[in-house]
Amino acid sequence: MLLDARLLLFYQRCNRRAFLDVYEDPSRQDQASDYLHKLMRDSWEHHQTVLNEWNYHQIKYIREDWQAGADATRELMLQGVDCIHKGVLLYPDDRGVTLLSRPDLLVKCSTSTVPEKSDLGAWSYIPHQIKLGKRPKLDYQIVAAFHAWVLAQVQGLMPETSILILRGRSDYQVNLAKLQDRFLQTLNACIQMLLSRTEPEVFISRQRCNLCRWYSSCYATAKSELHLSLLAGVSQSRYDDLQTLGLTTTESLSAVDPAVLEPVWSRPIAQQLVLQAKSTLTGKALVKSDLTLLPVAPVEIYFDIEAEPQLHLDYLLGLLVVDRSSGTDRFYPLLAEQPADDQLIWEQFLELVWRYPSAPIFHFCDYEVKTVRRLARRYQTAAPQWEPLITRLEDVHQLVTQGAILPVESYSLKSIARWVGFEWRDSDASGAQSLYWYDQWQKTGDRAFCEAIVRYNEDDCRATQRVKDWLWTFLREKRTDTLADYNQVSLNPAELGNSGEIALMKIFAHTGFTKTIDNLTADPSKLTDLAKRNPLRILVAEDNAVSQKVILRILERLGYSADVVSTGLEVLSALYQKSYDLILMDIQMPEMDGLTATKYICQQWQLPVRPRIVAMTAGAMPNDRQKCLSPGMEDYITKPIKVEALQSALKRCFQEVQTPESSQTESRYMRLYSSPKRSHNRILGVG
């Protein structure tokens, strides 16, 4: 049995892969992807570039006649040639395994300064490995140690080091003495696995498995076993810990008390894993305890990058601009048709995003944030042009993982978007495939490759929008459910008897609203006449669930129905979906407070088109009132809400909206959006 450097490299990355390479039928492998072919070609080209700098001897022997190759290599070594390319080194291990080493280069060095001589004479050799990567990764170093160790058996002297020739970096000298124990442990474990013929357990790790040609075979095995590695968040180390705890199935993990896991992991991780198992078993999304709502704005931008991170090349900056006011969107593919054009598309990117200075910029994961910072530094962009963008960037991946648990195997964009029903036009498209397309575009000039890249990037932007919209709806519905189920008390006055009124008073006793409820129960028959005399379409903006229920209860007893939202951003979203006469606006709300929302509304719409805004605040000082009225609010009431104060505010609002224009057949909604472009320009301060 032969054990070479390639097999040892794969063993470090996945022991199962090494086993399958030796014992499994190779016809069961997946076809090599276009991207894998590209990597192999890039590696070969890098090898040729490095080899062009060396004068070397090439070993000649019949392919896979390793003994003949080893004999020819030793002959050249005995001659003392300066450099040998792809020499063959063999060492028969006493366990029946032959170690095969084929260093990219064997470079001669003098041993005149070393007391111990090699079997070759006054010289010895040092192995050099050419690697496409830029970093001396541990698995590279273990392989370098393997070449050095086999070479030592052949030349009778351990080389002082083993060299890694990395792309774009100076040569890296491996510390063999420091690595010796780790290398021998890895080598012996690999030999033991191969000799025992015991197939290692499957474990799916997409980051590690995505280029492996055994992936489909292993994934099918994992699915048939309902393997825990298919559960999002279960890493190899966490899987080992779960095995130690006797939790070997998704069912057993879903049923465990998270406290059982807390001695091993922190409470958030323990709770996350248990909830992930529950979600996977039920096939339903679960909301986390923190119901964080996403920003919603009249104009939103969705941003995705196609890049080669290893080369710091960002060749496509894709922007999907969604204008909710007009119900339109437009995709902007900023493509660097040549790598040197990346500065041009960066400048185009800045110009485009600043056309919409208030628009949040949604992206998926943190690469876009890092890239904005990196490009700004590279091209010495003035701080005012890029630093404010960082605060506008919203990571949808982070928002999803903070807000919900999904029955998906990973929280990648593809997994989540496909779960919510989105499909890419090119089903096999991926970031890796995009790199292949760009490489082919550079080599062939065939614009079909450019078009494929643009199509894939646009789909990524639209998938990000779909995921964000789904999450916004999901969390909003869950918050609404929480409000409706808060005490399972009906809000219908006809269904509320004395017991219902008492229940409401108990609910609100700690909020300071008990007197308000008492006032409502005094003579309810007279209160409902107000809405008949003064009909209004009302939106309540209040983030506190108890306060929401109180305000809705008061309005209901006054004869009004109302919609309710929880943030200033939700106010803006609601205004683009429905027409209102009045907004009862809380001042302190998450994501966007009431004052900021009011400023935005007043910038976009002028009276009498826009709704009247009445502040609701606990502040009762004169300066509090002025603080509310300055941004453009028309009225002001304090908490706890007094029925009389609210009645007066409603009456004043009704009198103000009774203008000739508001009595016309055309709805306020149509007037709001009859000229969205002009309205949008007003927000930007132009036109």
# chains A, B, ... in the order shown; residues from 1 in each chain; ligands from 1

$ residues_around --residues "segment 594-611 of chain A" --least-positions-apart "3" --cutoff "6 Å" --atoms "only C-alpha atoms" --output "ChimeraX atom specification"
/A:568,580-582,585-587,631,679,683

$ select_by_dssp --residues "segment 31-267 of chain A" --states "alpha helix (DSSP H)" --output "PyMOL selection string"
chain A and resi 34-51+66-79+138-155+176-196+206-209+215-225+236-244+250-255+258-261+267

$ closest_residue --among "A:Leu316, A:Leu184, A:Ile163, A:Cys628" --to "Ala336 of chain A" --atoms "only C-alpha atoms"
A:Leu316

$ closest_residue --among "A:Val564, A:Leu164, A:Leu413, A:Leu76" --to "Asp395 of chain A" --atoms "only C-alpha atoms"
A:Leu413

$ closest_residue --among "A:Ile142, A:Leu281, A:Ala232, A:Ala255" --to "Ser415 of chain A" --atoms "only C-alpha atoms"
A:Ala232

$ closest_residue --among "A:Gly133, A:Pro590, A:Gly327, A:Gly69" --to "Leu311 of chain A" --atoms "only C-alpha atoms"
A:Gly133

$ atom_distance --atom1 "atom CA of Leu247 of chain A" --atom2 "atom CA of Val202 of chain A"
16.6 Å

$ residues_around --residues "Gly96 of chain A" --least-positions-apart "5" --cutoff "10 Å" --atoms "only C-alpha atoms" --output "PyMOL selection string"
chain A and resi 1-2+191+195

$ select_by_dssp --residues "segment 12-107 of chain A" --states "strand (DSSP E)" --output "list in words"
His57, Gln58, Cys83, Ile84, His85, Leu89, Leu90, Tyr91, Pro92, Thr98, Leu99, Leu100, Ser101, Leu105, Leu106 and Val107 of chain A

$ residues_around --residues "Leu138 of chain A" --least-positions-apart "5" --cutoff "12 Å" --atoms "only C-alpha atoms" --output "mmCIF file with C-alpha atoms, in the first residue's frame"
data_model
loop_
_atom_site.group_PDB
_atom_site.id
_atom_site.type_symbol
_atom_site.label_atom_id
_atom_site.label_comp_id
_atom_site.auth_asym_id
_atom_site.auth_seq_id
_atom_site.Cartn_x
_atom_site.Cartn_y
_atom_site.Cartn_z
ATOM 1 C CA LEU A 9 -3.078 16.142 3.001
ATOM 2 C CA GLN A 12 -5.832 16.021 7.664
ATOM 3 C CA ARG A 13 -8.781 17.748 6.077
ATOM 4 C CA GLY A 133 -2.032 29.569 -1.348
ATOM 5 C CA VAL A 143 3.026 17.691 4.179
ATOM 6 C CA ALA A 144 6.335 19.590 4.049
ATOM 7 C CA ALA A 145 7.432 17.657 7.147
ATOM 8 C CA LEU A 164 7.052 26.260 1.119
ATOM 9 C CA VAL A 174 9.004 25.081 8.152
ATOM 10 C CA ASN A 175 10.238 24.487 11.712
ATOM 11 C CA LEU A 179 6.360 20.082 14.055
ATOM 12 C CA ARG A 182 2.433 16.549 15.374
ATOM 13 C CA PHE A 183 3.573 15.147 12.048
ATOM 14 C CA THR A 186 -0.834 12.440 12.031
#

$ closest_residue --among "A:Lys478, A:Arg41, A:Arg466, A:Lys414" --to "Asp439 of chain A" --atoms "only C-alpha atoms"
A:Arg41
